[in-house]
Structure formats: C-alpha cells, structure tokens
Amino acid sequence: MMAAVSIEVHLVDGTYELFRYHFAPNNRDPHRGATVGVVASLLQLVADGATHVGVATDHVIESFRNDLWAGYKSSVGVPAELLAQFPVVERVLEAAGFTVWPQVAFEADDALAAAAEMAAADERVERVIICTPDKDLGQCVGGKVVQYDRRKGQVFDAAGVEARLGVPPASVPDLLALVGDSADGFPGLPGWGAKSAAAVLRRWGHLEDIPADPASWDAGVRGAAKLNAVLREQFELALLFRRIATVETDAPVSATVDELRWTGPPDPDAFAAMCTELGAPGLAERATRLAPAGTAGGEV
C-alpha cells in the first residue's frame, strides 16, 4: 500500500530577507550583496529539506494601507541601492526555480497569509511554515500553520505566539491597534502599553468586547479608567489601526501547493549567467547539485 503524501510548505518573507542581508555587517556590496544573500538563503532552505517554497516580496513598498493612514511605512528613506534590488531578486529567484509573489497593491505579509490559508486547506500538507520573525504574521498561526524565525531557530505555534506577544493569534491585530507598530508607521493609542493591552485582550479578545465601564474590568490593569477613556475617545482610530494590522488573505498568490514544488532552475544556463553577473557563480553550481534528479531544466 502506497504511503500517504505528507508535505511541508515553507513561505518566505522575501522583503524581510532582502533588508536583513542588505544591512548585515558582512555585506560588502550594497548593490548586489542582499540579492546574493537572499538566493543563498533560499538554497540553504532547500538544502535543509524544504521541498515546497513560496517567496513573497514587496515589489512596491507602498500598498493600499498608505491610503488608509498617511504615516504608514513607505519607500521614503529606504536606500536607493536596496530598492533597486527588489526586481532583481525577484527575477533571480524565479530563475533559480522558486515561486515568487511580487506584491503591488498588497504587501508581502498579505501574500504570506493568503498562501498559508491556501496551503493549510490542502489535505496533503502536514505543516505550513511562515518564515519571518514579523509579529504581524502571528495572527496566521494555528492548526497546521506555524511561524519560524530562521535567524534564531525558533518555531512558534499558537501557544508560542501567546507566550511571545501576550495574546493568542486571533487578538494580534487588536494588540497592534492599541500599542502601535513603529516598523509599519502607526502609533497606537496614547497610554496603552504592551502589558496593559495584552492583559485586557487576554480577558476579552477583541476591541469591541472590552466593557465600556472600566469599573467592570477584572483584568488586573492599573489605570483602567484612563485607558478606557482614551479607547472610547479614539475607538474609530483603534479600529482603523486594527484594519491596517490585519492581513488580507485575498492577495494574489499561487492557486495550488503543487506550484510551490522546487525542482531546480528551469533554465540552468540562464540562471548561471545571472549568478555570474552577480559575482556569485557558486550559487548556480549549488542549485544544480540540489535539484532533484530528473528535474533539471524544468523536466518532470
């Protein structure tokens, strides 16, 4: 009797990886180093056993969220040599045989969430691994879906997300609405800190469920009256921030898990030429060694 197929899907935050490698202390090439680092990192993921891989990138840093909040993160202040590498890393990763989802209206986080939902619905998939330390993606964790900080080697399931952030995955957008997210450029509500917000949300879960009368708060929060007054005065703003912090699962990604299977560069010569241009010919040699037997050059 044939054994049942069991698949692990790895979903990689390409934007995070590109920033990480660009600003790495050992990056001596600001124009190509980040791209080389990302490609090497993805090949290492395959070397470590990954078979089905999808990469989400912010082809354009700005998204629909910039229309919702003027201070939302943008490309302003991002080094030009880093911005110039987004289309390059997308092309090179595709040439290496990876499935890439460049986002324009949406963000990489949205694509990761959409792909996680798609993959988790496949009965063949045992686990979906979102490879990013970004706390926003904690809201996607649960069931088959986990979050993986590759740099630290830490895997977070639902309990791990709660231990890390103080709230279960479903309350992560509510938490960010109250405390803000400096990386994304929205401030949260005045006076609300991580501890007070987590305590209240552990008790009631979502903004709408927090009692309007602070006298009924039994979450052990100091300064309940003041916090409640701020929440009531700025409730619509809190809802807006939660909207911004909530990932959109209708972002454009692959339709099936099968599209994520890595079989090596579809055109090894073209990929080798790109790697030579990047000053990293060893990447092409490594991809050739890692490609499953019989699949080189796009063969099935």
# chains A, B, ... in the order shown; residues from 1 in each chain; ligands from 1
call {"tool": "residues_around", "arguments": {"residues": "stretch 50-61 of chain A", "least_positions_apart": "5", "cutoff": "9 Å", "atoms": "only C-alpha atoms", "output": "PDB file with N, CA and C atoms, in the first residue's frame"}}
result
ATOM      1  N   ILE A   7       3.357  16.777   3.057  1.00  0.00           N
ATOM      2  CA  ILE A   7       4.109  17.923   2.544  1.00  0.00           C
ATOM      3  C   ILE A   7       4.266  18.988   3.620  1.00  0.00           C
ATOM      4  N   GLU A   8       5.457  19.553   3.676  1.00  0.00           N
ATOM      5  CA  GLU A   8       5.681  20.767   4.460  1.00  0.00           C
ATOM      6  C   GLU A   8       5.886  21.912   3.477  1.00  0.00           C
ATOM      7  N   VAL A   9       5.190  23.008   3.720  1.00  0.00           N
ATOM      8  CA  VAL A   9       5.281  24.175   2.852  1.00  0.00           C
ATOM      9  C   VAL A   9       6.013  25.292   3.593  1.00  0.00           C
ATOM     10  N   HIS A  10       7.029  25.846   2.949  1.00  0.00           N
ATOM     11  CA  HIS A  10       7.775  26.961   3.529  1.00  0.00           C
ATOM     12  C   HIS A  10       7.426  28.247   2.787  1.00  0.00           C
ATOM     13  N   LEU A  11       6.981  29.246   3.524  1.00  0.00           N
ATOM     14  CA  LEU A  11       6.610  30.540   2.954  1.00  0.00           C
ATOM     15  C   LEU A  11       7.572  31.587   3.497  1.00  0.00           C
ATOM     16  N   VAL A  12       8.284  32.241   2.601  1.00  0.00           N
ATOM     17  CA  VAL A  12       9.393  33.113   2.997  1.00  0.00           C
ATOM     18  C   VAL A  12       9.061  34.582   2.740  1.00  0.00           C
ATOM     19  N   ASP A  13       9.348  35.410   3.724  1.00  0.00           N
ATOM     20  CA  ASP A  13       9.192  36.859   3.609  1.00  0.00           C
ATOM     21  C   ASP A  13      10.424  37.411   2.899  1.00  0.00           C
ATOM     22  N   GLY A  14      10.317  37.546   1.573  1.00  0.00           N
ATOM     23  CA  GLY A  14      11.463  37.993   0.795  1.00  0.00           C
ATOM     24  C   GLY A  14      11.889  39.414   1.110  1.00  0.00           C
ATOM     25  N   THR A  15      10.936  40.266   1.467  1.00  0.00           N
ATOM     26  CA  THR A  15      11.281  41.641   1.825  1.00  0.00           C
ATOM     27  C   THR A  15      12.135  41.680   3.080  1.00  0.00           C
ATOM     28  N   TYR A  16      11.705  40.929   4.096  1.00  0.00           N
ATOM     29  CA  TYR A  16      12.491  40.867   5.329  1.00  0.00           C
ATOM     30  C   TYR A  16      13.904  40.357   5.033  1.00  0.00           C
ATOM     31  N   LEU A  42      17.740  30.959   0.351  1.00  0.00           N
ATOM     32  CA  LEU A  42      16.685  30.079  -0.157  1.00  0.00           C
ATOM     33  C   LEU A  42      17.250  28.719  -0.552  1.00  0.00           C
ATOM     34  N   GLN A  44      19.799  27.371   0.846  1.00  0.00           N
ATOM     35  CA  GLN A  44      20.079  26.697   2.110  1.00  0.00           C
ATOM     36  C   GLN A  44      18.811  26.074   2.680  1.00  0.00           C
ATOM     37  N   LEU A  45      17.674  26.760   2.503  1.00  0.00           N
ATOM     38  CA  LEU A  45      16.397  26.219   2.951  1.00  0.00           C
ATOM     39  C   LEU A  45      16.127  24.882   2.264  1.00  0.00           C
ATOM     40  N   LYS A  73       4.196  53.054   6.566  1.00  0.00           N
ATOM     41  CA  LYS A  73       5.533  52.866   6.005  1.00  0.00           C
ATOM     42  C   LYS A  73       5.526  53.040   4.486  1.00  0.00           C
ATOM     43  N   SER A  74       6.627  53.600   3.975  1.00  0.00           N
ATOM     44  CA  SER A  74       6.749  53.839   2.537  1.00  0.00           C
ATOM     45  C   SER A  74       8.211  53.638   2.147  1.00  0.00           C
ATOM     46  N   SER A  75       8.495  53.920   0.900  1.00  0.00           N
ATOM     47  CA  SER A  75       9.866  53.765   0.414  1.00  0.00           C
ATOM     48  C   SER A  75      10.741  54.964   0.768  1.00  0.00           C
ATOM     49  N   LEU A  83      16.346  49.476  -2.750  1.00  0.00           N
ATOM     50  CA  LEU A  83      15.112  49.472  -3.543  1.00  0.00           C
ATOM     51  C   LEU A  83      15.344  48.881  -4.933  1.00  0.00           C
ATOM     52  N   PHE A  86      14.923  44.950  -5.434  1.00  0.00           N
ATOM     53  CA  PHE A  86      13.678  44.191  -5.359  1.00  0.00           C
ATOM     54  C   PHE A  86      13.350  43.491  -6.679  1.00  0.00           C
ATOM     55  N   PRO A  87      13.293  44.202  -7.813  1.00  0.00           N
ATOM     56  CA  PRO A  87      13.010  43.491  -9.062  1.00  0.00           C
ATOM     57  C   PRO A  87      14.106  42.507  -9.443  1.00  0.00           C
ATOM     58  N   GLU A  90      13.703  39.277  -7.359  1.00  0.00           N
ATOM     59  CA  GLU A  90      12.533  38.547  -7.852  1.00  0.00           C
ATOM     60  C   GLU A  90      12.881  37.751  -9.110  1.00  0.00           C
ATOM     61  N   LEU A  93      15.414  34.832  -8.204  1.00  0.00           N
ATOM     62  CA  LEU A  93      14.758  33.731  -7.501  1.00  0.00           C
ATOM     63  C   LEU A  93      13.893  32.905  -8.449  1.00  0.00           C
ATOM     64  N   PHE A  98      12.317  29.179  -7.918  1.00  0.00           N
ATOM     65  CA  PHE A  98      11.405  29.423  -6.798  1.00  0.00           C
ATOM     66  C   PHE A  98      10.148  30.165  -7.263  1.00  0.00           C
ATOM     67  N   THR A  99       9.052  29.880  -6.608  1.00  0.00           N
ATOM     68  CA  THR A  99       7.806  30.590  -6.866  1.00  0.00           C
ATOM     69  C   THR A  99       7.836  31.904  -6.098  1.00  0.00           C
ATOM     70  N   VAL A 100       7.638  33.010  -6.811  1.00  0.00           N
ATOM     71  CA  VAL A 100       7.741  34.339  -6.198  1.00  0.00           C
ATOM     72  C   VAL A 100       6.434  35.099  -6.424  1.00  0.00           C
ATOM     73  N   TRP A 101       5.978  35.780  -5.380  1.00  0.00           N
ATOM     74  CA  TRP A 101       4.759  36.586  -5.468  1.00  0.00           C
ATOM     75  C   TRP A 101       5.099  38.058  -5.210  1.00  0.00           C
ATOM     76  N   PRO A 102       5.448  38.826  -6.241  1.00  0.00           N
ATOM     77  CA  PRO A 102       5.725  40.255  -6.064  1.00  0.00           C
ATOM     78  C   PRO A 102       4.399  41.012  -5.846  1.00  0.00           C
ATOM     79  N   GLN A 103       4.308  41.735  -4.752  1.00  0.00           N
ATOM     80  CA  GLN A 103       3.065  42.420  -4.414  1.00  0.00           C
ATOM     81  C   GLN A 103       3.131  43.904  -4.775  1.00  0.00           C
ATOM     82  N   VAL A 104       2.027  44.421  -5.287  1.00  0.00           N
ATOM     83  CA  VAL A 104       1.940  45.826  -5.662  1.00  0.00           C
ATOM     84  C   VAL A 104       0.861  46.532  -4.832  1.00  0.00           C
ATOM     85  N   ALA A 105      -0.391  46.124  -4.993  1.00  0.00           N
ATOM     86  CA  ALA A 105      -1.473  46.732  -4.201  1.00  0.00           C
ATOM     87  C   ALA A 105      -1.450  46.227  -2.766  1.00  0.00           C
ATOM     88  N   PHE A 106      -1.077  44.954  -2.600  1.00  0.00           N
ATOM     89  CA  PHE A 106      -0.999  44.342  -1.274  1.00  0.00           C
ATOM     90  C   PHE A 106       0.454  44.338  -0.808  1.00  0.00           C
ATOM     91  N   GLU A 107       0.696  43.699   0.346  1.00  0.00           N
ATOM     92  CA  GLU A 107       2.048  43.597   0.890  1.00  0.00           C
ATOM     93  C   GLU A 107       2.487  42.149   0.974  1.00  0.00           C
ATOM     94  N   ALA A 108       3.770  41.949   1.185  1.00  0.00           N
ATOM     95  CA  ALA A 108       4.312  40.602   1.321  1.00  0.00           C
ATOM     96  C   ALA A 108       3.600  39.846   2.447  1.00  0.00           C
ATOM     97  N   ASP A 109       3.303  40.535   3.551  1.00  0.00           N
ATOM     98  CA  ASP A 109       2.600  39.886   4.665  1.00  0.00           C
ATOM     99  C   ASP A 109       1.250  39.331   4.219  1.00  0.00           C
ATOM    100  N   ASP A 110       0.555  40.080   3.381  1.00  0.00           N
ATOM    101  CA  ASP A 110      -0.743  39.620   2.890  1.00  0.00           C
ATOM    102  C   ASP A 110      -0.575  38.362   2.038  1.00  0.00           C
ATOM    103  N   ALA A 111       0.440  38.346   1.202  1.00  0.00           N
ATOM    104  CA  ALA A 111       0.694  37.180   0.360  1.00  0.00           C
ATOM    105  C   ALA A 111       1.038  35.958   1.202  1.00  0.00           C
ATOM    106  N   LEU A 112       1.832  36.153   2.244  1.00  0.00           N
ATOM    107  CA  LEU A 112       2.168  35.037   3.127  1.00  0.00           C
ATOM    108  C   LEU A 112       0.912  34.482   3.790  1.00  0.00           C
ATOM    109  N   ALA A 115      -1.190  32.625   1.112  1.00  0.00           N
ATOM    110  CA  ALA A 115      -0.572  31.353   0.761  1.00  0.00           C
ATOM    111  C   ALA A 115      -0.697  30.341   1.903  1.00  0.00           C
ATOM    112  N   VAL A 253      -1.635  35.010  -5.020  1.00  0.00           N
ATOM    113  CA  VAL A 253      -0.590  34.002  -4.820  1.00  0.00           C
ATOM    114  C   VAL A 253      -0.922  32.795  -5.699  1.00  0.00           C
ATOM    115  N   SER A 254      -0.150  31.739  -5.570  1.00  0.00           N
ATOM    116  CA  SER A 254      -0.400  30.528  -6.355  1.00  0.00           C
ATOM    117  C   SER A 254      -1.718  29.882  -5.955  1.00  0.00           C
ATOM    118  N   VAL A 257      -0.675  24.073  -4.013  1.00  0.00           N
ATOM    119  CA  VAL A 257       0.604  23.739  -3.380  1.00  0.00           C
ATOM    120  C   VAL A 257       1.575  23.166  -4.401  1.00  0.00           C
ATOM    121  N   ASP A 258       1.062  22.446  -5.393  1.00  0.00           N
ATOM    122  CA  ASP A 258       1.938  21.820  -6.384  1.00  0.00           C
ATOM    123  C   ASP A 258       2.802  22.847  -7.112  1.00  0.00           C
ATOM    124  N   GLU A 259       2.299  24.079  -7.250  1.00  0.00           N
ATOM    125  CA  GLU A 259       3.061  25.117  -7.924  1.00  0.00           C
ATOM    126  C   GLU A 259       4.287  25.551  -7.121  1.00  0.00           C
ATOM    127  N   LEU A 260       4.346  25.170  -5.859  1.00  0.00           N
ATOM    128  CA  LEU A 260       5.449  25.597  -4.992  1.00  0.00           C
ATOM    129  C   LEU A 260       6.599  24.594  -4.952  1.00  0.00           C
ATOM    130  N   ARG A 261       6.437  23.450  -5.598  1.00  0.00           N
ATOM    131  CA  ARG A 261       7.482  22.426  -5.544  1.00  0.00           C
ATOM    132  C   ARG A 261       8.733  22.918  -6.256  1.00  0.00           C
ATOM    133  N   TRP A 262       9.865  22.881  -5.549  1.00  0.00           N
ATOM    134  CA  TRP A 262      11.126  23.334  -6.139  1.00  0.00           C
ATOM    135  C   TRP A 262      11.790  22.188  -6.872  1.00  0.00           C
ATOM    136  N   THR A 263      12.070  22.388  -8.151  1.00  0.00           N
ATOM    137  CA  THR A 263      12.706  21.339  -8.965  1.00  0.00           C
ATOM    138  C   THR A 263      13.996  21.824  -9.600  1.00  0.00           C
TER     139      THR A 263
END
call {"tool": "closest_residue", "arguments": {"among": "A:Val221, A:Leu283, A:Ala121, A:Ala245", "to": "A:Asp174", "atoms": "only C-alpha atoms"}}
result
A:Ala245
call {"tool": "select_by_dssp", "arguments": {"residues": "stretch 73-292 of chain A", "states": "helix (DSSP H, G or I)", "output": "count of residues only"}}
result
114
call {"tool": "closest_residue", "arguments": {"among": "A:Ile244, A:Ala96, A:Val155, A:Leu189", "to": "A:Val38", "atoms": "only C-alpha atoms"}}
result
A:Ala96
call {"tool": "closest_residue", "arguments": {"among": "A:Asn66, A:Gln85, A:Gln139, A:Thr288", "to": "A:Pro173", "atoms": "only C-alpha atoms"}}
result
A:Gln139
call {"tool": "atom_distance", "arguments": {"atom1": "atom CA of A:Cys131", "atom2": "atom CA of A:Arg32"}}
result
22.5 Å
call {"tool": "closest_residue", "arguments": {"among": "A:Ser196, A:Thr246, A:Ser6, A:Ser182", "to": "A:Gly138", "atoms": "only C-alpha atoms"}}
result
A:Thr246
call {"tool": "residues_around", "arguments": {"residues": "A:Thr132", "least_positions_apart": "2", "cutoff": "6 Å", "atoms": "only C-alpha atoms", "output": "PDB file with C-alpha atoms, in the first residue's frame"}}
result
ATOM      1  CA  ASP A  13       9.192  36.859   3.609  1.00  0.00           C
ATOM      2  CA  ASP A 134       7.450  39.689  11.990  1.00  0.00           C
ATOM      3  CA  TYR A 148       9.617  30.331  12.097  1.00  0.00           C
ATOM      4  CA  ASP A 149      12.375  32.786  12.943  1.00  0.00           C
TER       5      ASP A 149
END
call {"tool": "select_by_dssp", "arguments": {"residues": "stretch 56-234 of chain A", "states": "strand (DSSP E)", "output": "list in words"}}
result
Ala56, Thr57, Asp58, Thr99, Val100, Trp101, Pro102, Gln103, Val125, Glu126, Arg127, Val128, Ile129, Ile130, Cys131, Val145, Val146, Gln147, Tyr148, Asp149, Gln154, Val155 and Phe156 of chain A
call {"tool": "write_last_selection", "arguments": {"atoms": "C-alpha atoms", "output": "CSV table (one decimal), in the first residue's frame"}}
result
chain,number,residue,atom,x,y,z
A,56,ALA,CA,6.5,37.0,-1.1
A,57,THR,CA,8.1,40.3,-1.8
A,58,ASP,CA,7.0,44.0,-1.8
A,99,THR,CA,7.8,30.6,-6.9
A,100,VAL,CA,7.7,34.3,-6.2
A,101,TRP,CA,4.8,36.6,-5.5
A,102,PRO,CA,5.7,40.3,-6.1
A,103,GLN,CA,3.1,42.4,-4.4
A,125,VAL,CA,0.0,19.4,3.8
A,126,GLU,CA,1.1,18.5,7.3
A,127,ARG,CA,2.6,21.8,8.2
A,128,VAL,CA,2.8,25.4,6.8
A,129,ILE,CA,5.9,27.3,8.0
A,130,ILE,CA,5.8,31.1,7.6
A,131,CYS,CA,9.5,32.1,7.7
A,145,VAL,CA,0.4,26.9,10.5
A,146,VAL,CA,3.5,27.9,12.5
A,147,GLN,CA,5.9,30.8,12.4
A,148,TYR,CA,9.6,30.3,12.1
A,149,ASP,CA,12.4,32.8,12.9
A,154,GLN,CA,12.7,29.5,16.9
A,155,VAL,CA,9.3,28.0,15.9
A,156,PHE,CA,6.1,29.5,17.2
call {"tool": "closest_residue", "arguments": {"among": "A:Ala199, A:Val5, A:Ala272, A:Ala284", "to": "A:Glu123", "atoms": "only C-alpha atoms"}}
result
A:Val5
call {"tool": "atom_distance", "arguments": {"atom1": "atom CA of A:Leu165", "atom2": "atom CA of A:Ala198"}}
result
7.6 Å
